[in-house]
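Next comes query14.txt, with compact mmCIF, C-alpha atoms.
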# COMPACT_ATOMS: atom_id res chain seq x y z
CA MET I 54 -107.36 -102.62 52.63
CA GLY I 55 -108.25 -98.96 53.01
CA GLU I 56 -105.22 -98.00 50.96
CA THR I 57 -106.18 -100.51 48.23
CA GLN I 58 -109.69 -99.07 48.05
CA GLN I 59 -108.28 -95.56 47.81
CA LYS I 60 -106.28 -96.55 44.74
CA GLY I 61 -109.22 -98.00 42.81
CA GLY I 62 -109.86 -101.33 44.58
CA TYR I 63 -108.53 -104.71 43.56
CA ILE I 64 -109.51 -104.35 39.89
CA GLY I 65 -107.84 -100.96 39.76
CA GLN I 66 -104.67 -102.52 41.15
CA ALA I 67 -104.68 -105.68 39.10
CA TRP I 68 -106.19 -104.60 35.76
CA LEU I 69 -102.85 -104.87 33.98
CA VAL I 70 -102.33 -108.45 35.18
CA ILE I 71 -105.89 -109.37 34.10
CA VAL I 72 -105.49 -107.78 30.64
CA LEU I 73 -102.08 -109.38 30.16
CA GLY I 74 -103.44 -112.76 31.25
CA LEU I 75 -106.16 -112.59 28.62
CA LEU I 76 -103.84 -111.23 25.93
CA TYR I 77 -101.07 -113.76 26.55
CA GLY I 78 -103.64 -116.56 26.77
CA GLY I 79 -104.95 -115.60 23.33
CA VAL I 80 -101.44 -115.43 21.87
CA LEU I 81 -100.55 -118.85 23.28
CA ALA I 82 -103.78 -120.36 21.98
CA GLY I 83 -102.86 -119.02 18.52
CA VAL I 84 -99.32 -120.39 18.74
CA GLN I 85 -100.59 -123.77 19.91
CA THR I 86 -103.13 -123.95 17.07
CA THR I 87 -100.51 -122.99 14.48
CA LEU I 88 -97.66 -125.22 15.63
CA SER I 89 -99.31 -128.24 17.23
CA GLY I 90 -99.87 -130.01 13.89
CA ARG I 91 -96.23 -129.79 12.97
CA ALA I 92 -95.11 -130.93 16.42
CA ALA I 93 -97.49 -133.91 16.18
CA ASP I 94 -96.03 -134.80 12.75
CA ASN I 95 -92.52 -134.73 14.23
CA LYS I 96 -93.65 -137.11 16.97
CA LYS I 97 -95.26 -139.42 14.42
CA ASP I 98 -92.10 -139.48 12.30
CA GLU I 99 -90.10 -140.34 15.40
CA THR I 100 -92.57 -143.11 16.23
CA TYR I 101 -92.14 -144.67 12.79
CA SER I 102 -88.36 -144.39 13.00
CA VAL I 103 -88.16 -146.30 16.32
CA ILE I 104 -90.61 -149.08 15.43
CA PRO I 105 -87.81 -151.39 14.16
CA SER I 106 -86.05 -151.05 17.52
CA LEU I 107 -89.25 -151.91 19.43
CA VAL I 108 -90.30 -154.89 17.35
CA ARG I 109 -87.49 -157.02 16.00
CA GLY I 110 -87.61 -157.53 12.22
CA ALA I 111 -90.16 -154.74 11.63
CA ASP I 112 -89.83 -152.56 8.57
CA GLU I 113 -90.97 -149.00 9.30
CA THR I 114 -92.04 -148.43 5.69
CA LYS I 115 -94.55 -151.29 5.94
CA THR I 116 -96.06 -150.24 9.26
CA ILE I 117 -99.85 -150.17 9.37
CA GLU I 118 -101.61 -147.57 11.45
CA LEU I 119 -104.86 -148.67 13.08
CA MET I 120 -107.50 -147.20 15.34
CA VAL I 121 -109.00 -149.49 17.98
CA GLU I 122 -111.61 -148.81 20.62
CA GLY I 123 -110.18 -149.36 24.07
CA LYS I 124 -112.05 -150.78 27.06
CA ASN I 125 -112.53 -147.20 28.27
CA GLY I 126 -114.61 -146.51 25.15
CA LYS I 127 -112.04 -144.17 23.62
CA GLU I 128 -110.42 -144.65 20.22
CA ALA I 129 -106.67 -145.26 20.38
CA ARG I 130 -104.03 -145.28 17.66
CA ILE I 131 -101.83 -148.37 17.43
CA TYR I 132 -99.23 -149.59 14.94
CA LYS I 133 -99.08 -153.04 13.39
CA ALA I 134 -95.41 -153.81 12.75
CA ILE I 135 -94.79 -155.68 9.49
CA GLY I 136 -91.45 -157.13 8.38
CA ALA I 137 -89.75 -156.87 4.99
CA ASP I 138 -91.08 -160.40 4.30
CA ALA I 139 -94.65 -159.04 4.81
CA GLY I 140 -94.98 -161.11 8.00
CA HIS I 141 -96.63 -159.74 11.11
CA LYS I 142 -93.82 -158.97 13.59
CA GLY I 143 -95.68 -157.34 16.45
CA TRP I 144 -97.49 -154.28 17.73
CA VAL I 145 -96.50 -150.82 18.90
CA VAL I 146 -98.89 -149.14 21.34
CA PRO I 147 -98.52 -145.42 22.16
CA ALA I 148 -99.42 -144.68 25.79
CA GLY I 149 -99.27 -141.67 28.05
CA GLY I 150 -99.84 -140.63 31.64
CA GLN I 151 -98.67 -138.45 34.46
CA GLY I 152 -95.04 -138.71 35.52
CA PHE I 153 -93.30 -137.06 38.48
CA ALA I 154 -92.99 -133.65 36.83
CA ASP I 155 -95.12 -133.70 33.71
CA ARG I 156 -96.77 -136.01 31.24
CA ILE I 157 -94.79 -139.03 30.02
CA GLU I 158 -95.49 -140.51 26.58
CA LEU I 159 -94.31 -144.00 25.75
CA LEU I 160 -94.24 -146.43 22.86
CA ILE I 161 -94.70 -150.04 23.95
CA GLY I 162 -93.53 -152.85 21.67
CA LEU I 163 -95.45 -156.15 21.85
CA ASP I 164 -95.04 -159.53 20.17
CA PRO I 165 -97.72 -160.59 17.61
CA ALA I 166 -99.53 -162.78 20.18
CA LEU I 167 -99.60 -159.91 22.72
CA THR I 168 -97.96 -162.08 25.37
CA ALA I 169 -94.70 -160.22 25.99
CA LEU I 170 -93.15 -156.77 25.78
CA THR I 171 -90.49 -156.51 23.09
CA GLY I 172 -89.37 -152.92 23.69
CA LEU I 173 -90.10 -149.61 25.33
CA TYR I 174 -89.35 -146.10 24.11
CA VAL I 175 -89.90 -142.75 25.83
CA LEU I 176 -91.35 -140.35 23.30
CA GLU I 177 -91.75 -137.41 25.66
CA GLN I 178 -90.89 -136.65 29.27
CA ARG I 179 -89.96 -133.72 31.49
CA GLU I 180 -88.71 -135.66 34.49
CA THR I 181 -86.04 -134.37 36.87
CA PRO I 182 -82.73 -134.02 35.01
CA ALA I 183 -80.15 -136.67 35.94
CA LEU I 184 -82.70 -138.58 38.08
CA GLY I 185 -86.14 -139.19 36.58
CA ASP I 186 -85.02 -138.45 33.03
CA ARG I 187 -82.92 -141.62 33.15
CA ILE I 188 -86.12 -143.44 32.16
CA THR I 189 -85.07 -142.57 28.60
CA GLU I 190 -81.83 -144.55 28.90
CA ALA I 191 -81.63 -147.96 27.28
CA GLY I 192 -80.33 -149.39 30.56
CA PHE I 193 -83.74 -148.79 32.14
CA ARG I 194 -85.96 -149.37 29.10
CA ASP I 195 -84.35 -152.73 28.32
CA ARG I 196 -85.47 -154.01 31.73
CA PHE I 197 -88.98 -154.27 30.27
CA ASN I 198 -87.94 -156.52 27.37
CA GLY I 199 -89.47 -159.98 27.61
CA LYS I 200 -91.76 -159.08 30.51
CA PRO I 201 -95.24 -160.64 30.30
CA ALA I 202 -97.96 -158.47 28.76
CA ASP I 203 -100.82 -160.39 30.39
CA GLN I 204 -99.99 -159.44 33.98
CA PRO I 205 -99.25 -156.04 35.52
CA ILE I 206 -95.62 -154.95 35.74
CA VAL I 207 -94.49 -154.40 39.33
CA MET I 208 -91.63 -152.04 40.17
CA VAL I 209 -89.22 -153.32 42.83
CA LYS I 210 -86.23 -151.71 44.50
CA SER I 211 -84.13 -154.87 44.61
CA GLU I 212 -83.23 -157.56 42.07
CA PRO I 213 -86.47 -158.83 40.42
CA LYS I 214 -87.61 -162.26 41.59
CA ALA I 215 -90.90 -162.76 39.72
CA GLU I 216 -91.07 -162.55 35.94
CA ASN I 217 -93.37 -159.49 36.01
CA GLU I 218 -91.04 -157.50 38.28
CA VAL I 219 -88.82 -154.70 37.00
CA ARG I 220 -86.09 -152.98 39.00
CA ALA I 221 -86.83 -149.27 39.55
CA LEU I 222 -84.25 -146.54 39.01
CA THR I 223 -82.40 -145.54 42.18
CA GLY I 224 -83.45 -142.00 43.14
CA ALA I 225 -86.30 -141.99 40.65
CA THR I 226 -88.87 -144.34 42.14
CA ILE I 227 -91.86 -142.15 41.24
CA SER I 228 -90.75 -141.76 37.60
CA SER I 229 -90.11 -145.53 37.38
CA GLU I 230 -93.51 -146.34 38.88
CA SER I 231 -95.15 -143.84 36.55
CA VAL I 232 -93.70 -145.71 33.58
CA SER I 233 -94.94 -149.08 34.84
CA ALA I 234 -98.38 -147.59 35.63
CA ILE I 235 -98.64 -146.16 32.10
CA VAL I 236 -97.64 -149.52 30.59
CA ASN I 237 -100.09 -151.42 32.83
CA ASP I 238 -102.98 -149.03 32.11
CA ALA I 239 -102.38 -149.11 28.37
CA LEU I 240 -102.19 -152.89 28.23
CA ALA I 241 -105.25 -153.33 30.46
CA ASN I 242 -107.15 -150.98 28.19
CA LEU I 243 -105.97 -152.11 24.76
CA ARG I 244 -104.62 -155.66 24.91
CA GLU I 245 -107.97 -157.39 24.43
CA PRO I 246 -109.29 -155.00 21.74
CA ILE I 247 -106.02 -155.39 19.80
CA GLY I 248 -106.28 -159.17 20.17
CA ARG I 249 -109.81 -159.11 18.77
CA ARG I 250 -108.65 -156.86 15.95
CA ALA I 251 -105.75 -159.21 15.15
CA HIS I 252 -108.17 -162.10 14.64
CA SER I 253 -110.65 -160.10 12.58
CA ALA I 254 -110.24 -159.00 8.96
CA ALA I 255 -109.12 -155.55 10.17
CA PRO I 256 -111.32 -153.48 7.91
CA GLY I 257 -110.30 -149.92 7.06
CA GLU I 258 -106.62 -150.38 7.82
CA ALA I 259 -104.84 -147.24 6.78
CA LEU I 260 -101.48 -148.13 5.30
CA ARG I 261 -98.96 -145.38 5.66
CA GLU I 262 -96.08 -145.71 3.24
CA THR I 263 -93.02 -143.84 4.43
CA THR I 264 -89.86 -143.28 2.48
CA GLY I 265 -87.68 -144.30 5.42
CA MET F 172 -77.66 -86.22 42.83
CA ALA F 173 -79.38 -89.17 41.15
CA ARG F 174 -77.08 -91.49 39.28
CA GLU F 175 -77.52 -91.27 35.51
CA GLU F 176 -78.84 -94.42 33.85
CA PRO F 177 -76.49 -96.05 31.29
CA THR F 178 -77.08 -95.34 27.59
CA ALA F 179 -78.11 -98.00 25.05
CA LEU F 180 -74.51 -98.44 23.88
CA GLU F 181 -73.23 -98.76 27.45
CA ARG F 182 -75.95 -101.32 28.24
CA PHE F 183 -75.03 -103.32 25.14
CA ILE F 184 -71.28 -103.31 25.83
CA ASN F 185 -71.76 -104.07 29.52
CA GLY F 186 -73.82 -107.15 28.68
CA VAL F 187 -71.19 -108.68 26.41
CA LEU F 188 -68.13 -108.60 28.69
CA PRO F 189 -67.90 -106.16 31.65
CA GLU F 190 -71.16 -107.45 33.16
CA ASN F 191 -71.23 -110.81 31.40
CA PRO F 192 -74.20 -112.72 32.88
CA ILE F 193 -72.17 -115.88 33.46
CA TYR F 194 -68.55 -114.86 34.03
CA ARG F 195 -69.24 -111.64 35.97
CA GLN F 196 -72.73 -112.07 37.46
CA LEU F 197 -72.92 -115.88 37.79
CA LEU F 198 -76.55 -115.90 36.65
CA GLY F 199 -78.36 -118.70 34.82
CA MET F 200 -75.99 -121.39 36.06
CA CYS F 201 -78.52 -124.20 35.54
CA PRO F 202 -78.45 -124.16 31.69
CA VAL F 203 -74.73 -123.35 31.78
CA LEU F 204 -74.00 -126.62 33.52
CA ALA F 205 -76.71 -128.71 31.89
CA VAL F 206 -76.67 -127.96 28.16
CA THR F 207 -73.01 -127.25 27.43
CA SER F 208 -71.93 -130.82 26.70
CA ALA F 209 -71.89 -129.85 23.00
CA MET F 210 -72.20 -126.73 20.88
CA LYS F 211 -75.55 -127.55 19.22
CA PRO F 212 -77.67 -127.72 22.40
CA ALA F 213 -75.72 -124.81 23.90
CA MET F 214 -76.43 -122.57 20.90
CA THR F 215 -80.07 -123.66 20.75
CA MET F 216 -80.41 -122.69 24.41
CA ALA F 217 -78.61 -119.39 23.74
CA GLY F 218 -81.02 -118.66 20.87
CA ALA F 219 -84.12 -119.49 22.91
CA THR F 220 -82.87 -117.41 25.86
CA ALA F 221 -82.07 -114.49 23.53
CA PHE F 222 -85.58 -114.61 22.04
CA VAL F 223 -87.19 -114.60 25.49
CA LEU F 224 -84.88 -111.93 26.91
CA ILE F 225 -85.25 -109.53 23.96
CA CYS F 226 -89.06 -109.92 23.74
CA ALA F 227 -89.55 -109.69 27.53
CA ASN F 228 -87.32 -106.61 27.83
CA ILE F 229 -89.13 -104.83 24.98
CA VAL F 230 -92.63 -105.65 26.28
CA ILE F 231 -91.79 -104.73 29.90
CA SER F 232 -90.19 -101.48 28.78
CA LEU F 233 -93.27 -100.59 26.71
CA MET F 234 -95.53 -101.00 29.75
CA ARG F 235 -93.11 -99.63 32.37
CA SER F 236 -95.30 -96.62 33.19
CA LEU F 237 -98.23 -98.97 33.97
CA LEU F 238 -96.31 -101.24 36.36
CA LYS F 239 -97.32 -101.17 40.01
CA PRO F 240 -94.38 -101.81 42.36
CA HIS F 241 -96.04 -104.67 44.24
CA LEU F 242 -97.29 -106.41 41.08
CA ARG F 243 -94.25 -105.92 38.86
CA ILE F 244 -92.65 -109.34 39.53
CA LEU F 245 -95.97 -111.00 38.64
CA VAL F 246 -96.08 -109.09 35.34
CA PHE F 247 -92.43 -109.98 34.61
CA THR F 248 -93.07 -113.67 35.26
CA LEU F 249 -96.27 -113.71 33.20
CA THR F 250 -94.49 -112.07 30.26
CA ILE F 251 -91.40 -114.29 30.48
CA ALA F 252 -93.51 -117.46 30.79
CA THR F 253 -95.47 -116.52 27.66
CA PHE F 254 -92.36 -116.07 25.53
CA VAL F 255 -90.76 -119.22 26.96
CA THR F 256 -93.86 -121.22 25.99
CA ILE F 257 -93.71 -119.77 22.46
CA ALA F 258 -90.00 -120.69 22.21
CA ASP F 259 -90.73 -124.20 23.51
CA LYS F 260 -93.55 -124.77 20.99
CA PHE F 261 -91.41 -123.38 18.16
CA LEU F 262 -88.51 -125.70 18.98
CA ALA F 263 -90.86 -128.71 19.20
CA ALA F 264 -92.23 -127.84 15.75
CA TYR F 265 -89.11 -126.80 13.85
CA VAL F 266 -86.05 -128.05 15.78
CA TYR F 267 -87.52 -131.26 17.13
CA GLU F 268 -84.24 -133.07 17.79
CA MET F 269 -82.87 -130.19 19.87
CA SER F 270 -86.21 -129.79 21.63
CA LYS F 271 -85.99 -133.44 22.72
CA GLN F 272 -82.36 -133.11 23.74
CA LEU F 273 -82.94 -129.96 25.81
CA GLY F 274 -86.04 -131.48 27.41
CA PRO F 275 -87.09 -129.58 30.56
CA TYR F 276 -84.34 -126.97 30.23
CA VAL F 277 -86.34 -124.87 27.73
CA PRO F 278 -89.34 -124.45 30.10
CA LEU F 279 -86.79 -123.77 32.85
CA ILE F 280 -85.77 -120.54 31.05
CA ILE F 281 -88.74 -119.07 32.94
CA VAL F 282 -86.72 -119.23 36.15
CA ASN F 283 -83.47 -118.00 34.62
CA CYS F 284 -82.47 -115.13 36.93
CA LEU F 285 -80.76 -113.37 34.03
CA ILE F 286 -84.07 -112.53 32.35
CA ILE F 287 -86.00 -111.36 35.40
CA SER F 288 -82.98 -109.36 36.59
CA ARG F 289 -82.79 -107.48 33.26
CA CYS F 290 -86.53 -106.73 33.45
CA GLU F 291 -86.03 -105.35 36.97
CA ILE F 292 -82.73 -103.52 36.46
CA CYS F 293 -83.22 -102.10 32.97
CA ALA F 294 -86.50 -102.72 31.12
CA SER F 295 -88.81 -101.50 33.90
CA LYS F 296 -86.87 -98.24 34.17
CA GLN F 297 -85.55 -97.33 30.72
CA SER F 298 -86.81 -96.75 27.16
CA VAL F 299 -87.49 -99.50 24.62
CA GLY F 300 -84.28 -98.77 22.69
CA VAL F 301 -82.10 -99.08 25.78
CA ALA F 302 -83.98 -102.18 26.96
CA ALA F 303 -83.56 -103.85 23.56
CA ALA F 304 -79.83 -102.96 23.42
CA ASP F 305 -79.41 -104.30 26.95
CA ALA F 306 -81.18 -107.56 26.01
CA VAL F 307 -79.09 -108.00 22.85
CA GLY F 308 -75.85 -107.34 24.76
CA MET F 309 -76.76 -109.71 27.59
CA SER F 310 -77.91 -112.38 25.11
CA LEU F 311 -74.63 -112.08 23.23
CA GLY F 312 -72.69 -112.30 26.50
CA PHE F 313 -74.73 -115.36 27.55
CA ALA F 314 -74.22 -117.02 24.14
CA LEU F 315 -70.44 -116.34 24.18
CA ALA F 316 -70.12 -117.79 27.67
CA LEU F 317 -72.16 -120.90 26.76
CA ALA F 318 -70.10 -121.29 23.57
CA SER F 319 -66.79 -121.05 25.47
CA ILE F 320 -67.77 -123.76 27.95
CA ALA F 321 -69.38 -125.98 25.29
CA THR F 322 -66.30 -125.64 23.07
CA VAL F 323 -63.97 -126.87 25.82
CA ARG F 324 -66.31 -129.71 26.78
CA GLU F 325 -67.18 -130.94 23.29
CA ILE F 326 -63.61 -130.79 21.94
CA LEU F 327 -62.01 -132.49 24.95
CA GLY F 328 -64.94 -134.85 25.48
CA SER F 329 -65.43 -136.11 21.95
CA GLY F 330 -62.79 -134.44 19.76
CA MET F 331 -65.57 -132.65 17.86
CA TRP F 332 -66.95 -129.13 17.59
CA PHE F 333 -70.50 -128.53 16.38
CA GLY F 334 -70.58 -132.23 15.47
CA LEU F 335 -67.52 -131.92 13.20
CA ARG F 336 -64.28 -133.73 14.03
CA VAL F 337 -61.52 -131.27 14.95
CA LEU F 338 -59.13 -133.56 16.83
CA PRO F 339 -57.58 -136.67 15.23
CA GLY F 340 -59.57 -139.89 15.43
CA SER F 341 -56.90 -141.21 17.82
CA TRP F 342 -58.06 -138.68 20.46
CA PRO F 343 -59.38 -140.87 23.29
CA GLY F 344 -62.22 -138.48 24.24
CA TRP F 345 -62.30 -137.49 27.89
CA GLY F 346 -65.69 -138.93 28.81
CA ILE F 347 -65.81 -136.93 32.04
CA MET F 348 -66.00 -133.67 30.07
CA VAL F 349 -69.42 -134.48 28.58
CA LEU F 350 -70.71 -135.66 31.95
CA PRO F 351 -71.90 -133.31 34.75
CA PRO F 352 -68.47 -133.22 36.51
CA GLY F 353 -66.97 -131.91 33.25
CA ALA F 354 -69.41 -129.01 33.36
CA PHE F 355 -68.30 -128.01 36.86
CA LEU F 356 -64.60 -128.44 36.01
CA SER F 357 -64.86 -126.38 32.80
CA LEU F 358 -66.95 -123.66 34.41
CA GLY F 359 -64.62 -123.42 37.43
CA LEU F 360 -61.44 -123.23 35.34
CA LEU F 361 -62.92 -120.73 32.85
CA LEU F 362 -64.29 -118.57 35.69
CA GLY F 363 -60.84 -118.63 37.28
CA ALA F 364 -59.24 -117.63 33.96
CA ALA F 365 -61.73 -114.78 33.47
CA GLU F 366 -61.07 -113.54 37.00
CA TRP F 367 -57.29 -113.77 36.49
CA VAL F 368 -57.45 -111.76 33.24
CA SER F 369 -59.73 -109.19 34.84
CA ARG F 370 -57.44 -108.74 37.88
CA LYS F 371 -54.38 -108.50 35.66
CA ARG F 372 -56.06 -105.78 33.61
CA ALA F 373 -57.11 -103.96 36.79
CA ARG F 374 -53.50 -104.11 38.09
CA THR F 375 -52.16 -102.78 34.77
CA ASN F 376 -54.68 -99.94 34.87
CA LEU F 377 -53.76 -99.16 38.49
CA TRP F 378 -50.03 -98.97 37.67
CA ARG F 379 -50.79 -96.78 34.66
CA THR F 380 -52.78 -94.39 36.87
CA VAL F 381 -50.05 -94.32 39.55
CA ARG F 382 -47.37 -93.58 36.92
CA MET F 383 -49.53 -90.86 35.40
CA LEU F 384 -50.13 -89.22 38.80
CA TRP F 385 -46.41 -89.47 39.62
CA SER F 386 -45.33 -87.83 36.36
CA TRP F 387 -47.99 -85.11 36.79
CA ARG F 388 -46.72 -84.37 40.32
CA ARG F 389 -43.16 -83.95 39.07
Please re-express this file's structure in structure tokens.
Amino acid sequence: MGETQQKGGYIGQAWLVIVLGLLYGGVLAGVQTTLSGRAADNKKDETYSVIPSLVRGADETKTIELMVEGKNGKEARIYKAIGADAGHKGWVVPAGGQGFADRIELLIGLDPALTALTGLYVLEQRETPALGDRITEAGFRDRFNGKPADQPIVMVKSEPKAENEVRALTGATISSESVSAIVNDALANLREPIGRRAHSAAPGEALRETTG
Amino acid sequence: MAREEPTALERFINGVLPENPIYRQLLGMCPVLAVTSAMKPAMTMAGATAFVLICANIVISLMRSLLKPHLRILVFTLTIATFVTIADKFLAAYVYEMSKQLGPYVPLIIVNCLIISRCEICASKQSVGVAAADAVGMSLGFALALASIATVREILGSGMWFGLRVLPGSWPGWGIMVLPPGAFLSLGLLLGAAEWVSRKRARTNLWRTVRMLWSWRR
């Protein structure tokens, strides 16, 4: 301690780290502000491109983007999937939450009556390579197809017995359970508001025409 | 007498082959094994690593007189992490498909020993010019090594190179080559080949020296 004080104290020792921390923080804030819009657009384009695989018969160019107020009081973006015949084919709900390593973002496909899951897509994840990142594989995602949307999904380590059970990935239990928790939270929060919206006139629907 | 530090040209040349980060130093093995299933992700990783290495080396060299011995690793890590985050955000904005494919491996550049070792060995001791030349040489060496492994894996695994078909459609595609075992097999065989060539050259040089000494004696 005496030696540290002799050389100018803690600030004298660490001033470079403090200055660099502030400088780099400012640079990163600038980079984030500049590039985040473009990154968000990329994610949105990807969302539109996978909607037909989440809701059978949906036409991405006819997708309607809606904002609904969830039970938690926050506005959430959802997608109303429309087919080429102009019929309502289902819903796509973006959802996110903490995974094992970092945030996981999902797209959940639902049937028009909001009774069953029709597809699941992992939009973003940073799970452990070769273990947790297998949540992106169709082999895992397809396990959610047809599962009921009105009861919580339960992850199990053996062959599912009940209709709301899904088999977790071997060696990636936490990542698997994170996915089911994100799906459960999103449906608990948004299923009823979407249902109400489906039966109302849906004022202010913003139709986004994409070129596909 | 203190050993003289290498010049910029020596640093550059050393990075490409004699001290190649992968074949000679075995550094940065994680991306080498993980992203070399095809040329596109391998070259994206090489580009991102080059950006981080060059920027980090230049910045560390510029502030080398301010570095305190016990805080230098912290400063290196802070600097490297900043440039890695910039590279990650840039890829997500402009090369989205590759950003998705590389996933956590871009943030993992932060812990690539190659970068922190160059900051420690060269940038914290030598001028900006030498540090930049060292970073460019090492980046080139890293990119060449990634390209060599990715070439073997992509061609044998799918009959393609950079997404273009180079083997006839009848090529069955050795699935194992694009899977993790293929990475270990390719790396092991290429490392063995590099070692064999290097030993052969060393033997040739030894014989040449012996012959020269013998003729001089006579």
Distance in Å - CA of Thr220 in chain F versus CA of Gly79 in chain I:
22.3 Å
So that I can check the surroundings of Leu311 in chain F, please list as a ChimeraX atom specification every protein, DNA and RNA residue that reaches within 12 Å of it, counting only C-alpha atoms and ignoring chain neighbours fewer than 4 positions away.
/F:182-188,190-193,214,217-218,220-222,224-225,304-307,315-318
Please return, as a PDB file with C-alpha atoms, in the coordinates of the input, all residues of chain I lying within 7 Å of chain F when all atoms listed in the file are considered.
ATOM      1  CA  VAL I  70    -102.330-108.450  35.180  1.00  0.00           C
ATOM      2  CA  TYR I  77    -101.070-113.760  26.550  1.00  0.00           C
ATOM      3  CA  LEU I  81    -100.550-118.850  23.280  1.00  0.00           C
ATOM      4  CA  VAL I  84     -99.320-120.390  18.740  1.00  0.00           C
ATOM      5  CA  LEU I  88     -97.660-125.220  15.630  1.00  0.00           C
ATOM      6  CA  ARG I  91     -96.230-129.790  12.970  1.00  0.00           C
ATOM      7  CA  ALA I  92     -95.110-130.930  16.420  1.00  0.00           C
ATOM      8  CA  ASN I  95     -92.520-134.730  14.230  1.00  0.00           C
ATOM      9  CA  ARG I 179     -89.960-133.720  31.490  1.00  0.00           C
TER      10      ARG I 179
END
Radius query 9 Å about (-76.7, -94.1, 22.2), atoms used: all atoms listed in the file, as a VMD selection string
chain F and resid 178 to 181 300 to 301
Distance of CA of Leu362 in chain F from CA of Arg289 in chain F, expressed in Å to one decimal place:
21.7 Å
Hey, what's within 10 Å of Pro201 in chain I if we count only C-alpha atoms and toss same-chain stuff fewer than 6 positions away? As number ranges by chain, please?
I: 163, 167-171, 216-218
Residues within 12 Å of Thr100 in chain I, all atoms listed in the file, excluding chain neighbours under 2 positions, as a ChimeraX atom specification:
/I:93-98,102-107,113-114,116,118,130-132,134,145-148,158-162,173-177,263,265
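Taking CA of Glu190 in chain I and CA of Ala314 in chain F as endpoints, the distance between them is 29.0 Å.
Neighbours of Ala302 in chain F closer than or equal to 7 Å, with only C-alpha atoms counted and sequence neighbours fewer than 6 positions away skipped, come out as Asn228, Ile229, Ser232, Cys293 and Ala294 of chain F.
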For range 138-149 of chain I, supply N, CA and C atoms and format the output as a compact mmCIF listing (two decimals), in the coordinates of the input.
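Just written: selection_2.txt:
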# COMPACT_ATOMS: atom_id res chain seq x y z
N ASP I 138 -90.50 -159.21 4.94
CA ASP I 138 -91.08 -160.40 4.30
C ASP I 138 -92.61 -160.39 4.35
N ALA I 139 -93.19 -159.25 4.72
CA ALA I 139 -94.65 -159.04 4.81
C ALA I 139 -95.28 -159.81 5.97
N GLY I 140 -94.44 -160.38 6.83
CA GLY I 140 -94.98 -161.11 8.00
C GLY I 140 -95.28 -160.16 9.14
N HIS I 141 -96.26 -160.56 9.96
CA HIS I 141 -96.63 -159.74 11.11
C HIS I 141 -95.60 -159.94 12.22
N LYS I 142 -94.91 -158.86 12.61
CA LYS I 142 -93.82 -158.97 13.59
C LYS I 142 -94.22 -158.56 15.00
N GLY I 143 -95.27 -157.76 15.10
CA GLY I 143 -95.68 -157.34 16.45
C GLY I 143 -96.53 -156.09 16.40
N TRP I 144 -96.65 -155.47 17.59
CA TRP I 144 -97.49 -154.28 17.73
C TRP I 144 -96.71 -153.18 18.44
N VAL I 145 -97.05 -151.94 18.13
CA VAL I 145 -96.50 -150.82 18.90
C VAL I 145 -97.70 -150.00 19.40
N VAL I 146 -97.75 -149.84 20.72
CA VAL I 146 -98.89 -149.14 21.34
C VAL I 146 -98.41 -147.83 21.97
N PRO I 147 -98.84 -146.68 21.48
CA PRO I 147 -98.52 -145.42 22.16
C PRO I 147 -99.35 -145.30 23.44
N ALA I 148 -98.71 -144.82 24.50
CA ALA I 148 -99.42 -144.68 25.79
C ALA I 148 -98.87 -143.46 26.52
N GLY I 149 -99.72 -142.86 27.32
CA GLY I 149 -99.27 -141.67 28.05
C GLY I 149 -99.92 -141.58 29.41
